[in-house]
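J.: Just passing along the structure, written as structure tokens.
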Amino acid sequence: MTTLKIYNTLEEGIKSFFGESVTIKDESYVSCGDINEAKCLKLSNGERIFVKSNSIANSDFFASEELGISAIDATDTIQVPKLLFRGEDESTGKSFLAMEYISGADRVKSFWEVFGQSLAAMHMADTGSFVSDGKFGFDTKNFIGASFQLNTPRDSWIDFFRECRLDPQFKMTERYFDDSDVKKILGLLDRLPELLIEPDHPSLLHGDLWAGNYLVGNDGKAWLIDPAVYVGHSEADLAMTELFGRFPAGFYDAYYTFNPIDPGYNDRRDLYNLYHLINHLNLFGGTYYSAVISTIDYYV
């Protein structure tokens, strides 16, 4: 996976990438969640680029995003935006990441079927280059939203999910739990070997695959954005697609045709999504407490 060149200013990156005479002609804000500021920049050569920015203190967000998008791209299975450059501007106190601008297109007729097939292909791709010591995890830390995500390699998926997913999130949200809750949480962590299964093969996961993290690309197909990648069980990605409203049936039918899922997946789905619910509790507060506890109660 290549490393983007880092520039001291956005203008320096633009001139280096597009030519010394190219300047910013116009800019407009783009909706981009609640973590980064995002703009579409129209350049003097007629091209448009998409730029995310944050504080220099949060430049790791963009280093992580670069690695995640590069990992997905390396599987040669599903489209992601082309990354251009990133940088840290001491004069403005901002870090930034520039990539191609996705203007979108009409969806291809088989949009959801192609999406499901492409994700299945990504989940079936070789993962040997993403984890150097073990089967599951990732060679660097990254982020799930604004939360730190631990990716220490493990040979067991169940161990990884307990030690690098649920347990760290529970520790980040421990202020919400009383003694009774903690007892249930510890019981759940102990029961994971009974509740989860090891996959037939490790899969590169997007890691945060909900409806807000794909776009209709310039070819009319689904392009993935804002990854929180790691190597894990493909069921965890599928579960996330169902957390905030299921994708259409055609997506799942196509996916299952190329990568059949164990019949017990439906029993495990909410346990995988517990990770995301706890993260939402950590990021957005107590309104997610009842959903977290209800899920724990179901499995304990």
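The way I read the labels, and the way they are meant: chains A, B, ... in the order of the structure tokens, residue 1 as the first residue of every chain, and ligand 1 as the first ligand shown, with later ones counted on from there.
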Which residues, written as a list of chain:residue names, have at least one atom at most 10 Å from Lys221 of chain A, with only C-alpha atoms counted and residues fewer than 6 positions away on the same chain left out?

T.: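 Everything that qualifies: A:Ile78, A:Gln79, A:Gly104, A:Ala105, A:Asp106, A:Arg107, A:Val108, A:Lys109, A:Ser110, A:Phe111, A:Trp112, A:Glu113, A:Val114, A:Phe115, A:Ser118, A:Tyr214, A:Leu215.
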
J.: Report the closest atom pair, with its distance in Å rounded to one decimal, for each residue of segment 190-300 of chain A that has an atom no farther than 12 Å from segment 22-44 of chain A; count only C-alpha atoms, sort by chain and then rising residue number, and write it as a tab-separated table.

T.:
```
residue	atom	partner	partner_atom	distance
A:Gly212	CA	A:Gly33	CA	8.8
A:Asn213	CA	A:Gly33	CA	10.1
A:Ile225	CA	A:Cys32	CA	10.9
A:Asp226	CA	A:Cys32	CA	9.9
A:Leu283	CA	A:Asp34	CA	10.9
A:Phe284	CA	A:Asp34	CA	11.0
```

J.: Go through A:Glu88, A:Glu47, A:Asp262, A:Asp253 and flag the residue nearest Glu100 of chain A, using only C-alpha atoms for the distances.

T.: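 For Glu100 of chain A, the nearest of the given residues is A:Glu47.
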
J.: Which one of A:Pro81, A:Pro260, A:Pro153, A:Gly286 sits closest to Gly116 of chain A if you count only C-alpha atoms?

T.: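 That would be A:Pro260, the residue with the smallest distance to Gly116 of chain A.
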
J.: So, with only C-alpha atoms as the atoms that count, which of A:Tyr298, A:Trp157, A:Tyr7, A:Tyr252 lies closest to Leu119 of chain A?

T.: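 Going through A:Tyr298, A:Trp157, A:Tyr7, A:Tyr252 one by one, the smallest distance to Leu119 of chain A is for A:Tyr252.
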
J.: When you count only C-alpha atoms, which of these residues is closest to Ile72 of chain A: A:Leu10, A:Ala125, A:Met240, A:Leu281?

T.: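 Of A:Leu10, A:Ala125, A:Met240, A:Leu281, the one nearest Ile72 of chain A, counting only C-alpha atoms, is A:Ala125.
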
J.: Report as a ChimeraX atom specification all protein, DNA and RNA residues lying within 10 Å of Ser55 of chain A, evaluated on only C-alpha atoms, omitting residues in the same chain fewer than 4 positions from it.

T.: /A:36-37,59-61,88-90,92-96

J.: Can you tell me, as a ChimeraX atom specification, which residues in segment 92-218 of chain A count as strand (DSSP E or B) by DSSP?

T.: /A:94-100,136-137,142-144,147-149,154,203-205,214-216

J.: Report, in Å with one decimal, the straight-line distance from atom CA of Asp76 of chain A to atom CA of Thr257 of chain A.

T.: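 According to the coordinates, atom CA of Asp76 of chain A and atom CA of Thr257 of chain A are separated by 19.3 Å.
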
J.: Per DSSP on the backbone, what are the alpha helix (DSSP H) residues of segment 12-89 of chain A, as a PyMOL selection string?

T.: chain A and resi 12-18+59-74

J.: To one decimal in Å, tell me the separation between atom CA of Val229 of chain A and atom CA of Gly68 of chain A.

T.: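 Interatomic distance, atom CA of Val229 of chain A to atom CA of Gly68 of chain A: 5.4 Å.
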
J.: Could you name the residues that touch Ile261 of chain A at 8 Å or less, counting only C-alpha atoms, but leaving out those on the same chain fewer than 3 positions away, as a ChimeraX atom specification?

T.: /A:235,256,265

J.: Produce a file of the selected residues containing all heavy atoms, as a CSV table (one decimal), in the first residue's frame.

T.:
```
chain,number,residue,atom,x,y,z
A,235,GLU,N,-19.2,-11.8,8.8
A,235,GLU,CA,-20.5,-11.6,9.5
A,235,GLU,C,-20.6,-10.2,10.1
A,235,GLU,O,-21.7,-9.6,10.2
A,235,GLU,CB,-20.8,-12.7,10.5
A,235,GLU,CG,-21.0,-14.1,9.9
A,235,GLU,CD,-21.4,-15.1,11.0
A,235,GLU,OE1,-21.2,-14.8,12.2
A,235,GLU,OE2,-21.9,-16.2,10.6
A,256,TYR,N,-25.0,-13.7,-0.6
A,256,TYR,CA,-25.0,-15.1,-0.2
A,256,TYR,C,-24.7,-16.1,-1.3
A,256,TYR,O,-24.2,-17.2,-1.1
A,256,TYR,CB,-26.4,-15.4,0.4
A,256,TYR,CG,-26.7,-14.6,1.7
A,256,TYR,CD1,-28.0,-14.3,2.0
A,256,TYR,CD2,-25.7,-14.2,2.5
A,256,TYR,CE1,-28.4,-13.6,3.1
A,256,TYR,CE2,-26.0,-13.5,3.7
A,256,TYR,CZ,-27.4,-13.2,4.0
A,256,TYR,OH,-27.7,-12.5,5.1
A,265,TYR,N,-25.9,-17.2,11.7
A,265,TYR,CA,-25.6,-15.8,11.6
A,265,TYR,C,-26.6,-14.9,12.3
A,265,TYR,O,-26.3,-14.0,13.1
A,265,TYR,CB,-25.4,-15.3,10.2
A,265,TYR,CG,-25.5,-13.8,10.0
A,265,TYR,CD1,-24.6,-12.9,10.5
A,265,TYR,CD2,-26.7,-13.3,9.3
A,265,TYR,CE1,-24.7,-11.5,10.3
A,265,TYR,CE2,-26.8,-11.9,9.1
A,265,TYR,CZ,-25.9,-11.1,9.6
A,265,TYR,OH,-26.0,-9.7,9.5
```

J.: Residues at most 8 Å from Tyr230 of chain A, counting only C-alpha atoms, excluding those fewer than 2 positions away in the same chain, as a PyMOL selection string?

T.: chain A and resi 130+136-138+151+204-207+228+232

J.: Residues of segment 247-281 of chain A that approach segment 172-191 of chain A to 10 Å or less, counting only C-alpha atoms: could you list each one with the shortest pair of atoms and its distance in Å to one decimal, rows by chain and increasing residue number, as JSON lines?

T.:
```
{"residue": "A:Leu271", "atom": "CA", "partner": "A:Leu188", "partner_atom": "CA", "distance": 9.8}
{"residue": "A:Ile278", "atom": "CA", "partner": "A:Thr173", "partner_atom": "CA", "distance": 7.4}
{"residue": "A:Asn279", "atom": "CA", "partner": "A:Thr173", "partner_atom": "CA", "distance": 8.2}
{"residue": "A:His280", "atom": "CA", "partner": "A:Thr173", "partner_atom": "CA", "distance": 9.8}
{"residue": "A:Leu281", "atom": "CA", "partner": "A:Thr173", "partner_atom": "CA", "distance": 7.0}
```

J.: Just write the chosen residues, C-alpha atoms, as a CSV table (one decimal), in the first residue's frame.

T.:
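Written out: again22.csv:
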```
chain,number,residue,atom,x,y,z
A,271,LEU,CA,-23.8,-9.4,19.3
A,278,ILE,CA,-21.3,0.7,22.8
A,279,ASN,CA,-19.3,3.0,20.5
A,280,HIS,CA,-22.3,5.2,20.0
A,281,LEU,CA,-22.8,5.2,23.8
```

J.: Of the residues A:Asp126, A:His233, A:Gly285, A:Leu224, which is the one nearest to Phe160 of chain A, using only C-alpha atoms?

T.: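 Result for the nearest residue to Phe160 of chain A: A:His233.
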